[in-house]
Structures are given as structure tokens and as C-alpha cells.
$ cat input.pdb   # PDB, C-alpha atoms
ATOM      1  CA  MET A   1      79.394 173.830 162.105
ATOM      2  CA  ASN A   2      80.590 170.236 161.575
ATOM      3  CA  GLY A   3      82.039 171.200 158.200
ATOM      4  CA  LEU A   4      83.956 174.100 159.756
ATOM      5  CA  ILE A   5      85.468 171.857 162.438
ATOM      6  CA  SER A   6      86.439 169.254 159.818
ATOM      7  CA  ARG A   7      88.131 171.940 157.702
ATOM      8  CA  LEU A   8      89.938 173.349 160.724
ATOM      9  CA  ILE A   9      91.231 169.892 161.704
ATOM     10  CA  PHE A  10      92.308 169.281 158.096
ATOM     11  CA  PHE A  11      94.268 172.566 157.941
ATOM     12  CA  VAL A  12      95.931 171.923 161.303
ATOM     13  CA  PHE A  13      96.910 168.463 160.080
ATOM     14  CA  LEU A  14      98.192 169.882 156.791
ATOM     15  CA  PHE A  15     100.150 172.599 158.632
ATOM     16  CA  CYS A  16     101.845 169.944 160.798
ATOM     17  CA  PHE A  17     103.060 168.064 157.723
ATOM     18  CA  THR A  18     104.251 171.126 155.822
ATOM     19  CA  GLY A  19     106.081 172.385 158.875
ATOM     20  CA  CYS A  20     108.241 169.257 159.051
ATOM     21  CA  ASN A  21     111.798 169.569 157.821
ATOM     22  CA  ASP A  22     113.147 167.231 155.191
ATOM     23  CA  SER A  23     115.286 164.821 157.175
ATOM     24  CA  SER A  24     117.214 163.622 154.130
ATOM     25  CA  LYS A  25     120.657 165.141 154.057
ATOM     26  CA  LYS A  26     122.921 166.195 151.258
ATOM     27  CA  HIS A  27     125.643 163.978 152.703
ATOM     28  CA  ILE A  28     126.241 161.251 155.230
ATOM     29  CA  VAL A  29     129.175 161.315 157.608
ATOM     30  CA  ASP A  30     131.394 158.261 158.093
ATOM     31  CA  PHE A  31     134.044 158.889 160.754
ATOM     32  CA  LYS A  32     134.558 162.523 159.826
ATOM     33  CA  ARG A  33     134.496 161.975 156.072
ATOM     34  CA  ILE A  34     131.610 163.046 153.929
ATOM     35  CA  ILE A  35     130.079 160.632 151.458
ATOM     36  CA  SER A  36     129.220 162.687 148.399
ATOM     37  CA  GLU A  37     125.928 162.649 146.619
ATOM     38  CA  GLN A  38     125.901 161.857 142.910
ATOM     39  CA  ASN A  39     122.632 162.346 141.056
ATOM     40  CA  ARG A  40     120.690 161.896 144.297
ATOM     41  CA  VAL A  41     122.505 158.600 144.946
ATOM     42  CA  PHE A  42     125.171 158.346 147.616
ATOM     43  CA  THR A  43     128.438 156.823 146.493
ATOM     44  CA  ILE A  44     131.360 155.301 148.350
ATOM     45  CA  PRO A  45     134.147 157.856 148.867
ATOM     46  CA  LYS A  46     136.821 157.844 146.169
ATOM     47  CA  MET A  47     139.552 157.656 148.820
ATOM     48  CA  ILE A  48     138.219 154.280 150.015
ATOM     49  CA  LYS A  49     138.073 152.921 146.456
ATOM     50  CA  ASP A  50     141.575 154.204 145.683
ATOM     51  CA  ASN A  51     143.000 152.603 148.855
ATOM     52  CA  LEU A  52     141.339 149.322 147.918
ATOM     53  CA  LEU A  53     142.905 149.322 144.448
ATOM     54  CA  LYS A  54     146.336 150.128 145.901
ATOM     55  CA  LYS A  55     146.035 147.245 148.339
ATOM     56  CA  PHE A  56     144.751 144.811 145.674
ATOM     57  CA  PRO A  57     146.257 145.995 142.354
ATOM     58  CA  THR A  58     145.005 142.993 140.336
ATOM     59  CA  LEU A  59     141.360 143.888 140.995
ATOM     60  CA  GLN A  60     139.325 146.294 138.883
ATOM     61  CA  MET A  61     136.152 148.124 139.812
ATOM     62  CA  VAL A  62     133.066 147.088 137.883
ATOM     63  CA  LYS A  63     131.898 150.126 135.915
ATOM     64  CA  LYS A  64     128.487 150.969 134.547
ATOM     65  CA  GLU A  65     129.829 150.272 131.058
ATOM     66  CA  ASP A  66     130.562 146.679 132.134
ATOM     67  CA  TYR A  67     126.854 145.927 132.620
ATOM     68  CA  SER A  68     124.838 144.114 129.978
ATOM     69  CA  ASN A  69     122.036 145.783 128.059
ATOM     70  CA  LEU A  70     119.711 143.202 129.597
ATOM     71  CA  PHE A  71     120.617 144.477 133.084
ATOM     72  CA  TRP A  72     119.540 148.020 132.151
ATOM     73  CA  ASP A  73     116.180 146.658 130.982
ATOM     74  CA  PHE A  74     115.533 145.850 134.663
ATOM     75  CA  TYR A  75     117.163 148.869 136.357
ATOM     76  CA  ASP A  76     117.265 152.626 135.968
ATOM     77  CA  ARG A  77     120.469 153.830 134.288
ATOM     78  CA  SER A  78     121.001 156.392 137.048
ATOM     79  CA  ALA A  79     121.431 153.558 139.576
ATOM     80  CA  ILE A  80     124.882 152.636 140.874
ATOM     81  CA  PRO A  81     124.557 148.840 140.949
ATOM     82  CA  ASN A  82     128.137 147.906 141.825
ATOM     83  CA  GLN A  83     128.364 149.465 145.297
ATOM     84  CA  CYS A  84     126.377 150.087 148.435
ATOM     85  CA  TYR A  85     126.847 150.626 152.144
ATOM     86  CA  THR A  86     125.215 149.922 155.482
ATOM     87  CA  ASP A  87     126.365 149.028 158.974
ATOM     88  CA  ILE A  88     126.575 145.207 158.970
ATOM     89  CA  ASN A  89     128.353 144.742 162.305
ATOM     90  CA  ASN A  90     126.356 147.229 164.429
ATOM     91  CA  ASP A  91     129.352 149.381 165.369
ATOM     92  CA  GLN A  92     127.527 152.516 164.154
ATOM     93  CA  ILE A  93     130.078 153.056 161.343
ATOM     94  CA  LEU A  94     129.300 152.456 157.686
ATOM     95  CA  ASP A  95     130.579 149.318 155.973
ATOM     96  CA  TYR A  96     130.782 149.006 152.195
ATOM     97  CA  ALA A  97     130.250 146.410 149.474
ATOM     98  CA  LEU A  98     131.752 146.645 145.997
ATOM     99  CA  LEU A  99     131.614 144.389 142.987
ATOM    100  CA  VAL A 100     135.041 143.938 141.404
ATOM    101  CA  LYS A 101     136.577 142.071 138.496
ATOM    102  CA  ASP A 102     139.331 139.594 139.245
ATOM    103  CA  ASN A 103     140.459 138.747 135.688
ATOM    104  CA  ASP A 104     137.225 137.393 134.136
ATOM    105  CA  ASN A 105     135.606 136.628 137.499
ATOM    106  CA  LEU A 106     133.135 138.773 139.378
ATOM    107  CA  LYS A 107     133.740 138.999 143.138
ATOM    108  CA  LEU A 108     132.302 140.934 146.051
ATOM    109  CA  ILE A 109     134.484 142.897 148.451
ATOM    110  CA  ILE A 110     133.148 143.939 151.831
ATOM    111  CA  ILE A 111     135.022 146.763 153.512
ATOM    112  CA  LEU A 112     134.501 146.872 157.265
ATOM    113  CA  SER A 113     135.163 150.229 158.903
ATOM    114  CA  SER A 114     136.463 150.405 162.445
ATOM    115  CA  ASN A 115     138.608 152.732 164.542
ATOM    116  CA  ASN A 116     139.449 155.007 161.596
ATOM    117  CA  ASP A 117     140.770 152.029 159.612
ATOM    118  CA  TYR A 118     139.415 149.384 157.236
ATOM    119  CA  SER A 119     139.564 145.626 156.904
ATOM    120  CA  TYR A 120     138.757 143.842 153.662
ATOM    121  CA  TRP A 121     136.891 140.629 152.934
ATOM    122  CA  ILE A 122     136.935 139.276 149.365
ATOM    123  CA  SER A 123     134.518 136.539 148.377
ATOM    124  CA  PRO A 124     136.525 133.303 148.223
ATOM    125  CA  PHE A 125     134.467 132.174 145.249
ATOM    126  CA  SER A 126     133.621 133.743 141.925
ATOM    127  CA  ILE A 127     130.084 135.139 141.781
ATOM    128  CA  GLU A 128     130.069 134.599 138.011
ATOM    129  CA  ASN A 129     132.391 134.447 135.053
ATOM    130  CA  ILE A 130     132.044 137.754 133.268
ATOM    131  CA  LYS A 131     130.727 137.113 129.788
ATOM    132  CA  SER A 132     131.215 139.186 126.675
ATOM    133  CA  ASP A 133     127.657 140.538 126.940
ATOM    134  CA  GLY A 134     128.389 142.034 130.381
ATOM    135  CA  VAL A 135     127.636 141.829 134.088
ATOM    136  CA  ASN A 136     124.138 141.046 135.379
ATOM    137  CA  PHE A 137     124.758 141.254 139.157
ATOM    138  CA  CYS A 138     124.149 144.137 141.524
ATOM    139  CA  VAL A 139     124.569 144.622 145.263
ATOM    140  CA  SER A 140     122.096 146.172 147.692
ATOM    141  CA  VAL A 141     121.308 146.260 151.400
ATOM    142  CA  LYS A 142     119.578 143.265 152.962
ATOM    143  CA  PRO A 143     117.633 144.461 156.020
ATOM    144  CA  ALA A 144     117.688 142.422 159.194
ATOM    145  CA  GLY A 145     114.986 139.771 159.280
ATOM    146  CA  ARG A 146     114.087 136.261 158.196
ATOM    147  CA  THR A 147     114.664 134.799 154.749
ATOM    148  CA  ASP A 148     113.161 131.461 153.741
ATOM    149  CA  VAL A 149     114.406 129.484 150.754
ATOM    150  CA  VAL A 150     113.147 126.283 149.227
ATOM    151  CA  LYS A 151     115.896 124.399 147.417
ATOM    152  CA  LYS A 152     116.086 120.629 147.750
ATOM    153  CA  VAL A 153     115.358 121.151 151.445
ATOM    154  CA  PRO A 154     113.692 124.259 152.918
ATOM    155  CA  GLU A 155     116.181 126.550 154.694
ATOM    156  CA  SER A 156     115.815 129.716 156.744
ATOM    157  CA  LEU A 157     118.191 132.477 157.676
ATOM    158  CA  VAL A 158     117.545 135.002 160.425
ATOM    159  CA  ILE A 159     119.941 137.926 160.536
ATOM    160  CA  LYS A 160     119.749 140.413 163.385
ATOM    161  CA  LYS A 161     121.753 143.106 161.586
ATOM    162  CA  ASN A 162     121.748 144.429 158.054
ATOM    163  CA  GLY A 163     123.684 142.524 155.428
ATOM    164  CA  PHE A 164     124.395 142.810 151.725
ATOM    165  CA  LEU A 165     122.203 141.192 149.082
ATOM    166  CA  LEU A 166     123.614 140.145 145.731
ATOM    167  CA  LYS A 167     121.095 139.923 142.893
ATOM    168  CA  ASN A 168     121.324 138.439 139.420
ATOM    169  CA  LEU A 169     119.072 140.833 137.529
ATOM    170  CA  GLU A 170     116.043 140.772 139.868
ATOM    171  CA  GLN A 171     116.691 137.309 141.325
ATOM    172  CA  ASP A 172     118.172 137.246 144.847
ATOM    173  CA  SER A 173     121.321 135.083 144.756
ATOM    174  CA  PHE A 174     123.419 135.542 147.921
ATOM    175  CA  ILE A 175     123.173 137.215 151.317
ATOM    176  CA  PHE A 176     126.434 138.294 152.931
ATOM    177  CA  TYR A 177     126.209 139.097 156.627
ATOM    178  CA  GLU A 178     128.454 139.421 159.674
ATOM    179  CA  THR A 179     128.255 137.267 162.760
ATOM    180  CA  ASN A 180     130.900 136.825 165.471
ATOM    181  CA  ALA A 181     133.350 139.028 163.503
ATOM    182  CA  GLU A 182     133.116 136.740 160.436
ATOM    183  CA  ILE A 183     131.474 137.341 157.070
ATOM    184  CA  MET A 184     129.024 134.561 156.303
ATOM    185  CA  THR A 185     127.357 133.658 153.011
ATOM    186  CA  PHE A 186     123.843 132.334 152.479
ATOM    187  CA  LYS A 187     123.104 131.059 148.972
ATOM    188  CA  LEU A 188     119.540 131.604 147.848
ATOM    189  CA  LEU A 189     119.561 129.589 144.618
TER     190      LEU A 189
END

$ encode --input "input.pdb" --output "C-alpha cells"
Amino acid sequence: MNGLISRLIFFVFLFCFTGCNDSSKKHIVDFKRIISEQNRVFTIPKMIKDNLLKKFPTLQMVKKEDYSNLFWDFYDRSAIPNQCYTDINNDQILDYALLVKDNDNLKLIIILSSNNDYSYWISPFSIENIKSDGVNFCVSVKPAGRTDVVKKVPESLVIKKNGFLLKNLEQDSFIFYETNAEIMTFKLL
């Protein structure tokens, strides 16, 4: 009898899990625009990238071909390492981060979405000089939380909202986050 009850509980449990719908969506909505899915990876809408390049014609998007062979030893080639998105200012609208080339310099652009418009923040410093062997940096989401760093003196950063994390290969290099309507930078190295 105990075995029958155990099996019944197991099947009820299994039924509950198989009855759940997949909550992942084929697209995410930003304002009323759809962010398309590319090889199971969401990408920033082309319209936003095109508007950025019109506004800043001297900048160029970093392409997959610009990455070094060493970079692809660390990451899957289906990844899109030069762009990501999250809500960094808690306005419930997606914000974007893109790596761009400014001549031979690598910079990060953060695009803040608000009221059906965009504002742009470009890193005032060069992330790295792009070498002939290619780019080694990628951008990802930095979840809210505490980050501790030991340089010459131990430092801590507590962010209450998501930010963007810039990595050199697998080494965390910079955190970019928003506070009081300003983009702040925290250097990890």
C-alpha cells in the first residue's frame, strides 16, 4: 500500500510539472516594438541600432568577425557578445548596451529608453585599443547586488537595480549602472 501511495504522489507531482506552460516567449515587447529572436538569442532591434549610427556616424558596431580567436575559445560562437539589454533605471522599459568602435578604440554605449524616445550615454574613456588580433570584451547583465573587489584597498559596490557588466574574456572589468539619472562606472581591475 505504501508503494502505491508513493507512486500516486509521484505521478501527481509529475503531472503538475508537465502541465505547466513554457513561460519563455518567442519575443519580448519594448514599448510596442518586438525584439526579434535570433538563434534562440534575443537581439536589439535593428531600428534602434540604425538610429544610433545615424546620430553618431563616426561610430561602428562591433561585429562577430571583429572578435579574436582567443575570445571564441572562451565563448560559444552562437553568442552575441557585443550587445545586451535589461532595465537599469527601474522604469519598466528595456535599456540597451552596445560595444562600438570609435576609430581604433572600443567604447560602450548605453541606450536608455523612456517615453517612446531614447537617450544615449557613451563611455568617456576607451575600454581598450582594438588590436590587430581582435576584440576580447563582451557585455552582459549585472544583476542587482553586492560586488567586492580587492585592489590596493578593498572596495564594495551595492547596486539596487540591474546594471551592465563588461568582461575581458572571462575577467570582470567594469560595472556600469544608473543612479540618480546618471550612469556610473565601477572598475573591477

$ atom_distance --input "input.pdb" --atom1 "atom CA of A:Ile48" --atom2 "atom CA of A:Lys101"
16.9 Å

$ atom_distance --input "input.pdb" --atom1 "atom CA of A:Leu169" --atom2 "atom CA of A:Val141"
15.1 Å

$ closest_residue --input "input.pdb" --among "A:Ile122, A:Ile80, A:Met47, A:Val100" --to "A:Gln60" --atoms "only C-alpha atoms"
A:Val100

$ resolve_selection --input "input.pdb" --expression "the PyMOL selection byres ((chain A and resi 91) around 10)" --output "VMD selection string"
chain A and resid 87 to 90 92 to 95 112 to 115

$ residues_around --input "input.pdb" --residues "A:Thr86" --least-positions-apart "6" --cutoff "12 Å" --atoms "all atoms listed in the file" --output "JSON, numbers by chain"
{"A": [28, 30, 42, 43, 44, 92, 93, 94, 95, 96, 97, 98, 110, 111, 112, 113, 139, 140, 141, 142, 143, 144, 161, 162, 163, 164, 165, 176, 177, 178]}

$ resolve_selection --input "input.pdb" --expression "the PyMOL selection byres ((chain A and resi 167) around 12)" --output "ChimeraX atom specification"
/A:71,74-75,81-82,99,108,127-128,135-142,164-166,168-176,187-189

$ residues_around --input "input.pdb" --residues "A:Asp104" --least-positions-apart "6" --cutoff "12 Å" --atoms "all atoms listed in the file" --output "list in words"
Thr58, Leu59, Gln60, Val62, Asp66, Ser126, Ile127, Glu128, Asn129, Ile130, Lys131, Ser132, Gly134 and Val135 of chain A

$ atom_distance --input "input.pdb" --atom1 "atom CA of A:Pro57" --atom2 "atom CA of A:Cys84"
21.2 Å

$ closest_residue --input "input.pdb" --among "A:Gln83, A:Trp121, A:Asp133, A:Phe186" --to "A:Thr147" --atoms "all atoms listed in the file"
A:Phe186

$ closest_residue --input "input.pdb" --among "A:Phe125, A:Ser68, A:Glu182, A:Ser119" --to "A:Lys55" --atoms "all atoms listed in the file"
A:Ser119

$ residues_near_point --input "input.pdb" --point "(115.9, 129.0, 154.5)" --cutoff "10 Å" --atoms "all atoms listed in the file" --output "mmCIF file with C-alpha atoms, in the coordinates of the input"
data_model
loop_
_atom_site.group_PDB
_atom_site.id
_atom_site.type_symbol
_atom_site.label_atom_id
_atom_site.label_comp_id
_atom_site.auth_asym_id
_atom_site.auth_seq_id
_atom_site.Cartn_x
_atom_site.Cartn_y
_atom_site.Cartn_z
ATOM 1 C CA ARG A 146 114.087 136.261 158.196
ATOM 2 C CA THR A 147 114.664 134.799 154.749
ATOM 3 C CA ASP A 148 113.161 131.461 153.741
ATOM 4 C CA VAL A 149 114.406 129.484 150.754
ATOM 5 C CA VAL A 150 113.147 126.283 149.227
ATOM 6 C CA LYS A 151 115.896 124.399 147.417
ATOM 7 C CA VAL A 153 115.358 121.151 151.445
ATOM 8 C CA PRO A 154 113.692 124.259 152.918
ATOM 9 C CA GLU A 155 116.181 126.550 154.694
ATOM 10 C CA SER A 156 115.815 129.716 156.744
ATOM 11 C CA LEU A 157 118.191 132.477 157.676
ATOM 12 C CA VAL A 158 117.545 135.002 160.425
ATOM 13 C CA PHE A 186 123.843 132.334 152.479
ATOM 14 C CA LYS A 187 123.104 131.059 148.972
ATOM 15 C CA LEU A 188 119.540 131.604 147.848
#

$ closest_residue --input "input.pdb" --among "A:Tyr120, A:Thr185, A:Ile159, A:Asn180" --to "A:Leu52" --atoms "all atoms listed in the file"
A:Tyr120
